[in-house]
$ cat data12.cif   # mmCIF, C-alpha atoms (C1' of nucleotides)
data_start
loop_
_atom_site.label_atom_id
_atom_site.label_comp_id
_atom_site.auth_asym_id
_atom_site.auth_seq_id
_atom_site.Cartn_x
_atom_site.Cartn_y
_atom_site.Cartn_z
CA MET A 82 0.17 -22.86 25.56
CA PRO A 83 -0.82 -22.28 21.94
CA ARG A 84 -4.32 -23.15 20.82
CA ASN A 85 -3.75 -24.06 17.23
CA GLY A 86 -0.50 -22.24 16.71
CA GLU A 87 1.40 -23.20 13.60
CA LYS A 88 -1.52 -24.78 11.83
CA VAL A 89 -3.54 -21.58 11.62
CA HIS A 90 -0.57 -19.84 10.06
CA ARG A 91 -0.29 -22.37 7.26
CA ARG A 92 -4.05 -22.68 6.83
CA LEU A 93 -4.23 -18.94 6.25
CA GLN A 94 -1.42 -19.09 3.70
CA GLY A 95 -3.06 -21.96 1.88
CA ALA A 96 -6.45 -20.28 1.84
CA ALA A 97 -4.93 -17.05 0.57
CA LEU A 98 -3.02 -18.71 -2.27
CA GLU A 99 -6.13 -20.63 -3.27
CA LEU A 100 -8.38 -17.56 -3.31
CA PHE A 101 -5.78 -15.37 -5.00
CA ARG A 102 -5.42 -17.90 -7.78
CA ALA A 103 -9.19 -18.17 -8.15
CA HIS A 104 -10.28 -14.52 -8.05
CA GLY A 105 -7.08 -12.46 -7.96
CA TYR A 106 -5.40 -10.58 -5.13
CA ASP A 107 -7.49 -7.41 -5.24
CA GLN A 108 -10.82 -9.22 -5.48
CA THR A 109 -10.04 -11.29 -2.39
CA THR A 110 -10.76 -9.76 1.01
CA VAL A 111 -8.97 -10.63 4.21
CA ALA A 112 -12.32 -11.64 5.69
CA GLU A 113 -12.75 -14.26 2.96
CA ILE A 114 -9.28 -15.68 3.57
CA ALA A 115 -9.90 -15.87 7.30
CA ALA A 116 -13.31 -17.50 6.80
CA LEU A 117 -11.83 -20.17 4.52
CA ALA A 118 -9.17 -20.84 7.14
CA GLY A 119 -11.81 -21.06 9.85
CA VAL A 120 -10.71 -18.04 11.87
CA THR A 121 -11.64 -14.40 12.26
CA GLU A 122 -10.36 -11.45 10.30
CA ARG A 123 -8.69 -10.20 13.45
CA THR A 124 -6.70 -13.41 13.76
CA PHE A 125 -5.32 -12.91 10.26
CA PHE A 126 -3.68 -9.67 11.35
CA ARG A 127 -2.25 -11.37 14.42
CA HIS A 128 -0.34 -13.76 12.16
CA PHE A 129 0.59 -11.33 9.39
CA PRO A 130 1.23 -7.60 9.68
CA ASP A 131 -0.67 -6.86 6.47
CA LYS A 132 -2.44 -8.54 3.59
CA ARG A 133 0.57 -8.59 1.24
CA GLU A 134 2.82 -10.32 3.72
CA ILE A 135 0.89 -13.59 3.68
CA LEU A 136 2.69 -14.89 0.59
CA PHE A 137 6.13 -14.16 2.02
CA GLY A 138 8.12 -15.41 4.99
CA GLY A 139 9.32 -18.67 3.44
CA GLU A 140 12.54 -17.02 2.36
CA ALA A 141 14.04 -17.28 5.86
CA ALA A 142 15.72 -20.59 5.10
CA MET A 143 17.23 -19.40 1.83
CA ARG A 144 18.38 -16.22 3.46
CA ALA A 145 20.12 -18.08 6.26
CA ALA A 146 21.77 -20.43 3.77
CA LEU A 147 23.04 -17.55 1.62
CA LEU A 148 24.43 -15.59 4.56
CA GLY A 149 26.05 -18.68 6.04
CA ALA A 150 27.67 -19.59 2.75
CA ILE A 151 29.06 -16.07 2.35
CA ALA A 152 30.46 -16.06 5.86
CA SER A 153 32.10 -19.47 5.61
CA ALA A 154 33.58 -19.15 2.13
CA PRO A 155 37.38 -19.43 1.69
CA ALA A 156 39.00 -16.20 2.77
CA ASP A 157 40.96 -15.55 -0.42
CA LEU A 158 37.96 -15.81 -2.76
CA ALA A 159 37.02 -12.75 -4.81
CA PRO A 160 33.59 -11.21 -3.98
CA LEU A 161 31.77 -12.48 -7.04
CA ARG A 162 33.19 -15.98 -6.61
CA VAL A 163 31.85 -15.94 -3.07
CA LEU A 164 28.41 -15.01 -4.38
CA LEU A 165 28.42 -17.68 -7.06
CA LEU A 166 29.40 -20.21 -4.42
CA ALA A 167 26.58 -19.02 -2.16
CA PHE A 168 23.97 -19.16 -4.89
CA ARG A 169 25.04 -22.70 -5.74
CA THR A 170 24.28 -23.83 -2.19
CA VAL A 171 20.62 -22.80 -2.45
CA ASP A 172 19.71 -23.99 -5.93
CA THR A 173 18.73 -27.39 -4.55
CA MET A 174 16.34 -25.70 -2.11
CA LEU A 175 14.59 -24.07 -5.04
CA ASP A 176 14.46 -27.31 -6.95
CA ASP A 177 12.32 -28.95 -4.26
CA ASN A 178 9.72 -26.18 -4.03
CA ARG A 179 9.56 -25.81 -7.79
CA GLN A 180 5.88 -26.74 -8.03
CA PHE A 181 4.68 -24.51 -5.21
CA ALA A 182 7.08 -21.69 -5.96
CA ALA A 183 5.89 -21.40 -9.54
CA SER A 184 2.27 -21.20 -8.48
CA ARG A 185 3.10 -18.57 -5.90
CA GLN A 186 5.14 -16.55 -8.36
CA GLU A 187 2.26 -16.54 -10.82
CA VAL A 188 0.05 -14.85 -8.26
CA ILE A 189 2.74 -12.34 -7.31
CA THR A 190 3.52 -11.23 -10.83
CA ALA A 191 -0.20 -10.76 -11.48
CA SER A 192 -0.59 -8.18 -8.70
CA PRO A 193 1.25 -4.83 -8.55
CA ALA A 194 0.89 -4.72 -4.77
CA LEU A 195 2.54 -8.12 -4.40
CA ARG A 196 5.28 -7.32 -6.90
CA GLU A 197 6.07 -4.23 -4.87
CA ARG A 198 6.36 -6.25 -1.70
CA GLU A 199 8.57 -8.77 -3.45
CA LEU A 200 10.96 -6.03 -4.53
CA SER A 201 11.13 -4.94 -0.93
CA LYS A 202 12.03 -8.45 0.19
CA VAL A 203 14.76 -8.75 -2.42
CA ALA A 204 16.15 -5.39 -1.36
CA ALA A 205 16.31 -6.54 2.25
CA LEU A 206 18.12 -9.70 1.20
CA ILE A 207 20.56 -7.66 -0.85
CA ALA A 208 21.28 -5.46 2.14
CA ALA A 209 21.93 -8.48 4.36
CA MET A 210 24.23 -10.10 1.81
CA THR A 211 26.07 -6.82 1.37
CA SER A 212 26.90 -6.54 5.04
CA ALA A 213 27.87 -10.23 5.03
CA LEU A 214 30.39 -9.42 2.32
CA GLU A 215 31.60 -6.42 4.31
CA GLN A 216 32.27 -8.73 7.26
CA ARG A 217 34.77 -10.47 5.01
CA GLY A 218 36.70 -7.24 4.55
CA VAL A 219 35.17 -6.16 1.24
CA SER A 220 34.66 -2.42 1.07
CA ALA A 221 31.08 -1.15 1.27
CA ARG A 222 31.31 0.25 -2.27
CA LEU A 223 32.44 -2.98 -3.87
CA ALA A 224 30.10 -5.06 -1.73
CA THR A 225 26.93 -3.25 -2.85
CA LEU A 226 27.90 -3.36 -6.50
CA ALA A 227 28.88 -7.00 -6.35
CA VAL A 228 25.74 -8.15 -4.57
CA GLN A 229 23.38 -6.17 -6.79
CA ALA A 230 25.04 -7.43 -9.94
CA GLY A 231 25.18 -10.97 -8.60
CA MET A 232 21.55 -10.89 -7.52
CA ALA A 233 20.57 -9.69 -10.98
CA ALA A 234 22.34 -12.68 -12.46
CA PHE A 235 20.74 -15.02 -9.94
CA ASN A 236 17.24 -13.72 -10.58
CA HIS A 237 17.75 -13.94 -14.32
CA ALA A 238 18.94 -17.52 -13.94
CA VAL A 239 15.91 -18.46 -11.85
CA THR A 240 13.41 -17.02 -14.30
CA ALA A 241 15.22 -18.57 -17.24
CA TRP A 242 15.15 -21.88 -15.40
CA THR A 243 11.41 -21.76 -14.68
CA ALA A 244 10.84 -20.99 -18.35
CA ASN A 245 13.15 -23.80 -19.41
CA PRO A 246 13.42 -26.47 -16.69
CA ALA A 247 15.19 -28.86 -19.06
CA ARG A 248 18.55 -27.34 -18.22
CA THR A 249 19.58 -27.36 -14.59
CA LEU A 250 19.40 -24.20 -12.53
CA HIS A 251 23.11 -24.48 -11.92
CA ALA A 252 23.77 -24.31 -15.64
CA HIS A 253 21.61 -21.22 -15.99
CA LEU A 254 23.41 -19.63 -13.06
CA VAL A 255 26.87 -20.25 -14.50
CA GLU A 256 25.75 -18.87 -17.83
CA ALA A 257 24.33 -15.72 -16.24
CA PHE A 258 27.58 -15.10 -14.40
CA ALA A 259 29.50 -15.69 -17.63
CA ASP A 260 27.31 -13.07 -19.31
CA LEU A 261 28.11 -10.67 -16.50
CA TYR A 262 31.86 -11.22 -16.93
CA ALA A 263 31.54 -10.81 -20.67
CA LEU A 264 29.80 -7.48 -20.26
CA PHE A 265 32.80 -6.04 -18.46
CA SER A 266 35.59 -7.64 -20.47
CA GLU A 267 36.05 -5.07 -23.19
CA GLY A 268 39.04 -3.09 -22.01
CA ALA A 269 39.63 -1.27 -18.72
CA SER A 270 37.44 1.47 -17.26
CA PRO A 271 37.14 4.80 -19.13
CA MET B 57 -12.42 24.22 -18.47
CA PRO B 58 -10.28 23.45 -15.43
CA ARG B 59 -11.13 25.05 -12.11
CA ASN B 60 -7.74 25.19 -10.47
CA GLY B 61 -6.00 22.57 -12.53
CA GLU B 62 -2.26 22.31 -12.16
CA LYS B 63 -2.02 24.37 -9.04
CA VAL B 64 -3.97 21.94 -6.88
CA HIS B 65 -1.62 19.15 -7.93
CA ARG B 66 1.46 21.04 -6.77
CA ARG B 67 -0.24 22.43 -3.67
CA LEU B 68 -1.06 18.90 -2.59
CA GLN B 69 2.53 17.79 -3.14
CA GLY B 70 3.87 20.74 -1.19
CA ALA B 71 1.45 20.21 1.68
CA ALA B 72 2.30 16.51 1.82
CA LEU B 73 6.06 17.06 1.90
CA GLU B 74 5.66 19.70 4.60
CA LEU B 75 3.46 17.50 6.81
CA PHE B 76 5.56 14.39 6.24
CA ARG B 77 8.66 16.26 7.34
CA ALA B 78 6.88 17.64 10.41
CA HIS B 79 5.06 14.57 11.73
CA GLY B 80 6.18 11.65 9.57
CA TYR B 81 4.42 9.77 6.80
CA ASP B 82 2.34 7.42 8.96
CA GLN B 83 1.18 10.13 11.35
CA THR B 84 -0.11 12.26 8.48
CA THR B 85 -3.58 11.54 7.11
CA VAL B 86 -4.72 12.27 3.60
CA ALA B 87 -7.46 14.46 5.05
CA GLU B 88 -4.82 16.67 6.70
CA ILE B 89 -2.88 17.01 3.46
CA ALA B 90 -6.02 17.90 1.55
CA ALA B 91 -7.08 20.42 4.20
CA LEU B 92 -3.68 22.15 4.09
CA ALA B 93 -3.98 22.34 0.31
CA GLY B 94 -7.50 23.75 0.59
CA VAL B 95 -9.32 20.84 -1.02
CA THR B 96 -11.23 17.75 0.01
CA GLU B 97 -9.90 14.28 0.71
CA ARG B 98 -11.76 13.06 -2.36
CA THR B 99 -9.90 15.52 -4.56
CA PHE B 100 -6.59 14.12 -3.34
CA PHE B 101 -7.47 10.72 -4.76
CA ARG B 102 -8.49 12.29 -8.05
CA HIS B 103 -4.96 13.66 -8.46
CA PHE B 104 -3.05 10.68 -7.03
CA PRO B 105 -4.04 7.01 -7.14
CA ASP B 106 -2.87 6.46 -3.56
CA LYS B 107 -1.18 8.17 -0.65
CA ARG B 108 2.35 6.94 -1.46
CA GLU B 109 2.26 8.23 -5.00
CA ILE B 110 2.19 11.90 -4.02
CA LEU B 111 5.98 12.11 -3.64
CA PHE B 112 6.63 10.56 -7.04
CA GLY B 113 5.93 11.55 -10.61
CA GLY B 114 8.78 14.04 -11.02
CA GLU B 115 10.95 11.34 -12.52
CA ALA B 116 9.26 11.63 -15.92
CA ALA B 117 11.85 14.11 -17.21
CA MET B 118 14.80 12.01 -16.08
CA ARG B 119 13.24 8.90 -17.52
CA ALA B 120 12.71 10.54 -20.90
CA ALA B 121 16.27 11.84 -20.92
CA LEU B 122 17.72 8.43 -20.09
CA LEU B 123 15.68 6.61 -22.72
CA GLY B 124 16.46 9.23 -25.32
CA ALA B 125 20.17 9.06 -24.61
CA ILE B 126 20.16 5.28 -24.89
CA ALA B 127 18.28 5.37 -28.18
CA SER B 128 20.49 8.00 -29.77
CA ALA B 129 23.88 6.72 -28.65
CA PRO B 130 26.48 5.74 -31.27
CA ALA B 131 25.57 2.36 -32.70
CA ASP B 132 28.91 0.67 -32.06
CA LEU B 133 29.06 1.49 -28.34
CA ALA B 134 29.11 -1.41 -25.87
CA PRO B 135 26.04 -1.66 -23.59
CA LEU B 136 27.72 -0.37 -20.45
CA ARG B 137 29.28 2.54 -22.32
CA VAL B 138 25.83 3.46 -23.54
CA LEU B 139 24.56 3.46 -19.97
CA LEU B 140 27.42 5.56 -18.67
CA LEU B 141 26.78 8.03 -21.48
CA ALA B 142 23.08 8.14 -20.59
CA PHE B 143 23.71 8.67 -16.90
CA ARG B 144 26.05 11.53 -17.71
CA THR B 145 23.30 13.36 -19.57
CA VAL B 146 21.08 13.50 -16.47
CA ASP B 147 23.56 14.39 -13.77
CA THR B 148 23.01 18.09 -14.40
CA MET B 149 19.28 17.61 -13.88
CA LEU B 150 19.99 16.21 -10.45
CA ASP B 151 22.36 19.01 -9.64
CA ASP B 152 19.60 21.60 -9.98
CA ASN B 153 17.07 19.85 -7.77
CA ARG B 154 19.68 18.98 -5.16
CA GLN B 155 18.02 20.97 -2.39
CA PHE B 156 14.51 19.69 -2.95
CA ALA B 157 15.58 16.16 -3.85
CA ALA B 158 17.54 15.74 -0.62
CA SER B 159 14.57 16.85 1.47
CA ARG B 160 12.29 14.51 -0.39
CA GLN B 161 14.71 11.61 -0.07
CA GLU B 162 14.92 12.14 3.67
CA VAL B 163 11.19 11.60 3.97
CA ILE B 164 11.24 8.56 1.73
CA THR B 165 14.03 6.74 3.53
CA ALA B 166 12.26 7.37 6.84
CA SER B 167 9.12 5.48 5.78
CA PRO B 168 9.01 1.78 4.80
CA ALA B 169 5.90 2.35 2.70
CA LEU B 170 7.60 5.08 0.69
CA ARG B 171 10.83 3.10 0.33
CA GLU B 172 8.78 0.26 -1.09
CA ARG B 173 7.18 2.53 -3.65
CA GLU B 174 10.55 3.95 -4.59
CA LEU B 175 11.88 0.48 -5.28
CA SER B 176 8.90 -0.07 -7.54
CA LYS B 177 9.67 3.12 -9.47
CA VAL B 178 13.29 2.17 -9.93
CA ALA B 179 12.24 -1.28 -11.14
CA ALA B 180 9.94 0.29 -13.72
CA LEU B 181 12.76 2.55 -14.90
CA ILE B 182 15.10 -0.44 -15.15
CA ALA B 183 12.53 -2.29 -17.26
CA ALA B 184 12.17 0.68 -19.61
CA MET B 185 15.93 1.10 -19.97
CA THR B 186 16.30 -2.61 -20.60
CA SER B 187 13.89 -2.58 -23.51
CA ALA B 188 15.61 0.56 -24.80
CA LEU B 189 18.85 -1.38 -24.88
CA GLU B 190 17.10 -4.27 -26.61
CA GLN B 191 15.97 -1.87 -29.32
CA ARG B 192 19.65 -1.35 -30.06
CA GLY B 193 20.08 -5.06 -30.74
CA VAL B 194 21.39 -6.09 -27.34
CA SER B 195 20.07 -9.48 -26.26
CA ALA B 196 17.47 -9.54 -23.48
CA ARG B 197 19.85 -11.43 -21.21
CA LEU B 198 22.72 -9.01 -21.54
CA ALA B 199 20.41 -6.01 -21.43
CA THR B 200 18.88 -6.88 -18.04
CA LEU B 201 22.22 -7.63 -16.48
CA ALA B 202 23.82 -4.49 -17.87
CA VAL B 203 21.03 -2.16 -16.79
CA GLN B 204 20.75 -3.61 -13.31
CA ALA B 205 24.49 -3.43 -12.75
CA GLY B 206 24.66 0.05 -14.25
CA MET B 207 21.74 1.27 -12.15
CA ALA B 208 23.43 -0.08 -9.03
CA ALA B 209 26.49 1.95 -9.90
CA PHE B 210 24.41 5.03 -10.64
CA ASN B 211 22.49 4.81 -7.38
CA HIS B 212 25.67 4.31 -5.44
CA ALA B 213 27.19 7.33 -7.12
CA VAL B 214 24.17 9.49 -6.29
CA THR B 215 24.15 8.55 -2.62
CA ALA B 216 27.90 9.00 -2.37
CA TRP B 217 27.50 12.39 -4.00
CA THR B 218 24.78 13.57 -1.61
CA ALA B 219 27.00 12.48 1.28
CA ASN B 220 30.01 14.24 -0.24
CA PRO B 221 28.93 17.06 -2.58
CA ALA B 222 32.47 18.40 -2.76
CA ARG B 223 33.30 16.02 -5.60
CA THR B 224 31.15 16.26 -8.69
CA LEU B 225 28.49 13.67 -9.40
CA HIS B 226 30.25 12.85 -12.62
CA ALA B 227 33.38 11.93 -10.71
CA HIS B 228 31.43 9.66 -8.39
CA LEU B 229 29.75 8.04 -11.38
CA VAL B 230 33.00 7.33 -13.17
CA GLU B 231 34.46 5.89 -9.99
CA ALA B 232 31.46 3.61 -9.46
CA PHE B 233 31.72 2.28 -12.99
CA ALA B 234 35.44 1.74 -12.49
CA ASP B 235 34.65 -0.28 -9.37
CA LEU B 236 32.24 -2.35 -11.39
CA TYR B 237 34.85 -3.07 -14.03
CA ALA B 238 37.40 -3.92 -11.36
CA LEU B 239 35.03 -6.46 -9.80
CA PHE B 240 34.93 -8.46 -13.00
CA SER B 241 38.55 -8.13 -14.10
CA GLU B 242 40.09 -11.09 -12.30
CA GLY B 243 40.22 -13.76 -14.98
CA ALA B 244 37.49 -15.17 -17.19
CA SER B 245 34.31 -16.86 -16.00
CA PRO B 246 34.60 -20.12 -13.98
"C1'" DT C 244 -6.94 -30.14 39.57
"C1'" DA C 245 -5.48 -25.53 39.26
"C1'" DC C 246 -2.67 -21.99 37.49
"C1'" DA C 247 -0.31 -19.36 33.87
"C1'" DA C 248 0.21 -18.05 29.31
"C1'" DA C 249 -0.70 -17.93 24.67
"C1'" DT C 250 -4.36 -17.66 21.19
"C1'" DC C 251 -8.54 -16.42 19.63
"C1'" DG C 252 -13.27 -13.98 19.25
"C1'" DT C 253 -15.84 -9.84 19.70
"C1'" DC C 254 -16.44 -5.05 19.54
"C1'" DA C 255 -15.23 -0.41 18.43
"C1'" DT C 256 -12.65 2.69 15.60
"C1'" DA C 257 -9.42 5.06 12.43
"C1'" DA C 258 -7.68 5.60 7.94
"C1'" DA C 259 -7.26 4.43 3.06
"C1'" DC C 260 -9.70 4.09 -0.86
"C1'" DT C 261 -14.10 3.98 -4.45
"C1'" DG C 262 -18.52 4.92 -6.75
"C1'" DA C 263 -22.48 8.02 -7.65
"C1'" DC C 264 -24.36 12.33 -8.15
"C1'" DA C 265 -24.84 17.20 -7.46
"C1'" DA C 266 -22.61 21.78 -7.56
"C1'" DT C 267 -19.51 25.07 -9.49
"C1'" DA C 268 -16.19 27.28 -12.26
"C1'" DT C 269 -13.99 27.98 -16.79
"C1'" DG C 270 -13.55 28.74 -21.84
"C1'" DG C 271 -15.74 29.49 -25.84
"C1'" DA C 272 -19.87 30.17 -28.98
"C1'" DT C 273 -23.87 32.85 -29.95
"C1'" DA D 13 -23.49 39.77 -22.10
"C1'" DT D 14 -25.63 35.23 -22.02
"C1'" DC D 15 -25.66 30.58 -22.51
"C1'" DC D 16 -23.64 26.07 -23.16
"C1'" DA D 17 -20.38 22.28 -22.86
"C1'" DT D 18 -16.92 20.45 -20.07
"C1'" DA D 19 -13.69 19.87 -16.54
"C1'" DT D 20 -13.02 20.02 -11.74
"C1'" DT D 21 -14.51 19.78 -7.18
"C1'" DG D 22 -17.69 18.83 -3.07
"C1'" DT D 23 -20.69 15.80 -0.73
"C1'" DC D 24 -22.06 11.41 0.83
"C1'" DA D 25 -22.36 6.61 1.40
"C1'" DG D 26 -19.93 2.51 1.55
"C1'" DT D 27 -16.05 -1.12 1.46
"C1'" DT D 28 -11.61 -2.68 2.91
"C1'" DT D 29 -7.47 -2.61 5.51
"C1'" DA D 30 -5.50 -2.23 9.89
"C1'" DT D 31 -5.30 -1.46 15.19
"C1'" DG D 32 -6.52 -1.29 20.23
"C1'" DA D 33 -9.06 -3.10 24.22
"C1'" DC D 34 -11.08 -6.70 26.73
"C1'" DG D 35 -13.00 -11.01 27.68
"C1'" DA D 36 -13.22 -16.03 26.60
"C1'" DT D 37 -11.00 -20.32 25.52
"C1'" DT D 38 -7.45 -23.61 25.06
"C1'" DT D 39 -3.02 -25.70 26.26
"C1'" DG D 40 1.16 -26.84 28.95
"C1'" DT D 41 2.67 -27.38 33.50
"C1'" DA D 42 3.02 -27.39 38.66
#
$ encode --input "data12.cif" --output "structure tokens"
Amino acid sequence: MPRNGEKVHRRLQGAALELFRAHGYDQTTVAEIAALAGVTERTFFRHFPDKREILFGGEAAMRAALLGAIASAPADLAPLRVLLLAFRTVDTMLDDNRQFAASRQEVITASPALRERELSKVAALIAAMTSALEQRGVSARLATLAVQAGMAAFNHAVTAWTANPARTLHAHLVEAFADLYALFSEGASP
Amino acid sequence: MPRNGEKVHRRLQGAALELFRAHGYDQTTVAEIAALAGVTERTFFRHFPDKREILFGGEAAMRAALLGAIASAPADLAPLRVLLLAFRTVDTMLDDNRQFAASRQEVITASPALRERELSKVAALIAAMTSALEQRGVSARLATLAVQAGMAAFNHAVTAWTANPARTLHAHLVEAFADLYALFSEGASP
DNA sequence: TACAAATCGTCATAAACTGACAATATGGAT
DNA sequence: ATCCATATTGTCAGTTTATGACGATTTGTA
């Protein structure tokens, strides 16, 4: 039933990334992206709800992997151990896309509008992981704190890894979690 | 030299909050806000860079207080103690605005566009607090992790406090930090 | 082949912004 | 009191993003 279907979707994404890299996000119009992909401006908005969304949507696989890992972790594992385990299951996924992901990230960090959308995506992922932790019996309070702290460590590990790909992402991740533990190991709460 | 000056700015904010509460953010046009404030649509965009920004900008005082508290904290205090101290200096500021802040927050959480902008504001505040911690000699790695974890605790405390104003915000804040410490007090890092 | 359904193109339109220039009000100097 | 410099606003034209309606085209299937 589809005419071109999936191909148009990817052609639009490719055209957008190419034009964004060449002239920047703001200087690129949706009409230009559509023209380079060989479709109409109207078709762009049939595939993506808005202009910012075109660089996102590939996180579905990582999201599914993270949620699945949280759900199927050993029952007696402490919340942060569950998160570290989950993050370790997706670091190979990032390793494959390294080339493309770095190029995409360059464009995102160069545009305030895209950075804003990225924050929104991360927040949605945090919310999903939080409820996944709650399904394991972790209280809502502890779940939010654990996921936000864990995600901070994960993001720091990823950026440190892109800056220094010599060390493995897994090593960066373990170090970030160690830093997190060190921060809180100076006596009990006030 | 100014014609109306400050008053237009606040009139626009008041008109926007009123209309957003009545008909929602998406169903309210900038022209309607400007008309209710007695100015033109063009004047709106002279006071605010875009439509989402009109509900923000009041965080300047809190930001200054937080950064000042971080900078002037005792030199031998651990990073998270510095943050808890800083958060305690602003909880009275929130207590005053409680009425208005709750109304504003209702509108924000009801609109995806405004939630997105709020995330962006929080991220900017986190970045500023992180570099404030770095000025104290804390490493960039530890600073990011500490501020993100601390901000998670602070935000959780604020939402818990608005849901249950019987307990003081300070009590909620201390509890959230205690939760954070508890999360990481189950043996050393892996 | 013919039918059904999913895309896609075309057209019209609203709303969010932006630049240019004129009009007006305000504070101070003469 | 008058005039001048300056800040603010109004007006207008135009671009870009986003949406609805409707017809045309392609594809999978009976």
$ resolve_selection --input "data12.cif" --expression "the PyMOL selection byres ((chain B and resi 150) around 12)" --output "PDB file with C-alpha atoms, in the coordinates of the input"
ATOM      1  CA  GLY B 114       8.780  14.040 -11.020  1.00  0.00           C
ATOM      2  CA  GLU B 115      10.950  11.340 -12.520  1.00  0.00           C
ATOM      3  CA  ALA B 117      11.850  14.110 -17.210  1.00  0.00           C
ATOM      4  CA  MET B 118      14.800  12.010 -16.080  1.00  0.00           C
ATOM      5  CA  ALA B 121      16.270  11.840 -20.920  1.00  0.00           C
ATOM      6  CA  PHE B 143      23.710   8.670 -16.900  1.00  0.00           C
ATOM      7  CA  ARG B 144      26.050  11.530 -17.710  1.00  0.00           C
ATOM      8  CA  THR B 145      23.300  13.360 -19.570  1.00  0.00           C
ATOM      9  CA  VAL B 146      21.080  13.500 -16.470  1.00  0.00           C
ATOM     10  CA  ASP B 147      23.560  14.390 -13.770  1.00  0.00           C
ATOM     11  CA  THR B 148      23.010  18.090 -14.400  1.00  0.00           C
ATOM     12  CA  MET B 149      19.280  17.610 -13.880  1.00  0.00           C
ATOM     13  CA  ASP B 151      22.360  19.010  -9.640  1.00  0.00           C
ATOM     14  CA  ASP B 152      19.600  21.600  -9.980  1.00  0.00           C
ATOM     15  CA  ASN B 153      17.070  19.850  -7.770  1.00  0.00           C
ATOM     16  CA  ARG B 154      19.680  18.980  -5.160  1.00  0.00           C
ATOM     17  CA  GLN B 155      18.020  20.970  -2.390  1.00  0.00           C
ATOM     18  CA  PHE B 156      14.510  19.690  -2.950  1.00  0.00           C
ATOM     19  CA  ALA B 157      15.580  16.160  -3.850  1.00  0.00           C
ATOM     20  CA  ALA B 158      17.540  15.740  -0.620  1.00  0.00           C
ATOM     21  CA  ALA B 213      27.190   7.330  -7.120  1.00  0.00           C
ATOM     22  CA  VAL B 214      24.170   9.490  -6.290  1.00  0.00           C
ATOM     23  CA  THR B 215      24.150   8.550  -2.620  1.00  0.00           C
ATOM     24  CA  TRP B 217      27.500  12.390  -4.000  1.00  0.00           C
ATOM     25  CA  THR B 218      24.780  13.570  -1.610  1.00  0.00           C
ATOM     26  CA  PRO B 221      28.930  17.060  -2.580  1.00  0.00           C
ATOM     27  CA  THR B 224      31.150  16.260  -8.690  1.00  0.00           C
ATOM     28  CA  LEU B 225      28.490  13.670  -9.400  1.00  0.00           C
ATOM     29  CA  HIS B 226      30.250  12.850 -12.620  1.00  0.00           C
TER      30      HIS B 226
END
$ interface_residues --input "data12.cif" --of "chain A" --to "chain B" --cutoff "8 Å" --atoms "all atoms listed in the file" --output "VMD selection string"
chain A and resid 160 to 161 197 to 198 200 to 201 222 to 223 225 to 227 229 to 230 233 to 234 237 255 257 to 262 264 to 266 269 to 271
$ interface_residues --input "data12.cif" --of "chain C" --to "chain A" --cutoff "12 Å" --atoms "all atoms listed in the file" --output "number ranges by chain"
C: 247-254
$ write_last_selection --input "data12.cif" --atoms "C-alpha atoms (C1' of nucleotides)" --output "PDB file, in the frame of the given file"
ATOM      1  C1'  DA C 247      -0.310 -19.360  33.870  1.00  0.00           C
ATOM      2  C1'  DA C 248       0.210 -18.050  29.310  1.00  0.00           C
ATOM      3  C1'  DA C 249      -0.700 -17.930  24.670  1.00  0.00           C
ATOM      4  C1'  DT C 250      -4.360 -17.660  21.190  1.00  0.00           C
ATOM      5  C1'  DC C 251      -8.540 -16.420  19.630  1.00  0.00           C
ATOM      6  C1'  DG C 252     -13.270 -13.980  19.250  1.00  0.00           C
ATOM      7  C1'  DT C 253     -15.840  -9.840  19.700  1.00  0.00           C
ATOM      8  C1'  DC C 254     -16.440  -5.050  19.540  1.00  0.00           C
TER       9       DC C 254
END
$ residues_near_point --input "data12.cif" --point "(-13.1, 5.2, -3.7)" --cutoff "12 Å" --atoms "all atoms listed in the file" --output "count of residues only"
19
$ atom_distance --input "data12.cif" --atom1 "CA of Arg185 (chain A)" --atom2 "CA of Thr211 (chain A)"
26.8 Å
$ resolve_selection --input "data12.cif" --expression "the PyMOL selection byres ((chain A and resi 209) around 12)" --output "ChimeraX atom specification"
/A:141,144-149,151-152,202-208,210-216,224-225,228-229
$ resolve_selection --input "data12.cif" --expression "the PyMOL selection byres ((chain D) within 9 of (chain A))" --output "number ranges by chain"
D: 28-30, 37-40
$ atom_distance --input "data12.cif" --atom1 "C1' of DC16 (chain D)" --atom2 "C1' of DA272 (chain C)"
8.1 Å
$ atom_distance --input "data12.cif" --atom1 "CA of Ala191 (chain A)" --atom2 "CA of Gly138 (chain A)"
19.0 Å
$ residues_around --input "data12.cif" --residues "DA266 (chain C)" --least-positions-apart "4" --cutoff "10 Å" --atoms "only C-alpha atoms (C1' of nucleotides)" --output "JSON, numbers by chain"
{"D": [21, 22, 23]}
$ residues_around --input "data12.cif" --residues "Glu88 (chain B)" --least-positions-apart "5" --cutoff "12 Å" --atoms "only C-alpha atoms (C1' of nucleotides)" --output "compact mmCIF listing (two decimals) with C-alpha atoms (C1' of nucleotides), in the frame of the given file"
# COMPACT_ATOMS: atom_id res chain seq x y z
CA LEU B 68 -1.06 18.90 -2.59
CA ALA B 71 1.45 20.21 1.68
CA ALA B 72 2.30 16.51 1.82
CA LEU B 73 6.06 17.06 1.90
CA GLU B 74 5.66 19.70 4.60
CA LEU B 75 3.46 17.50 6.81
CA PHE B 76 5.56 14.39 6.24
CA HIS B 79 5.06 14.57 11.73
CA TYR B 81 4.42 9.77 6.80
CA ASP B 82 2.34 7.42 8.96
CA GLN B 83 1.18 10.13 11.35
CA ALA B 93 -3.98 22.34 0.31
CA GLY B 94 -7.50 23.75 0.59
CA VAL B 95 -9.32 20.84 -1.02
CA THR B 96 -11.23 17.75 0.01
CA GLU B 97 -9.90 14.28 0.71
CA ARG B 98 -11.76 13.06 -2.36
CA PHE B 100 -6.59 14.12 -3.34
CA LYS B 107 -1.18 8.17 -0.65
C1' DA C 258 -7.68 5.60 7.94
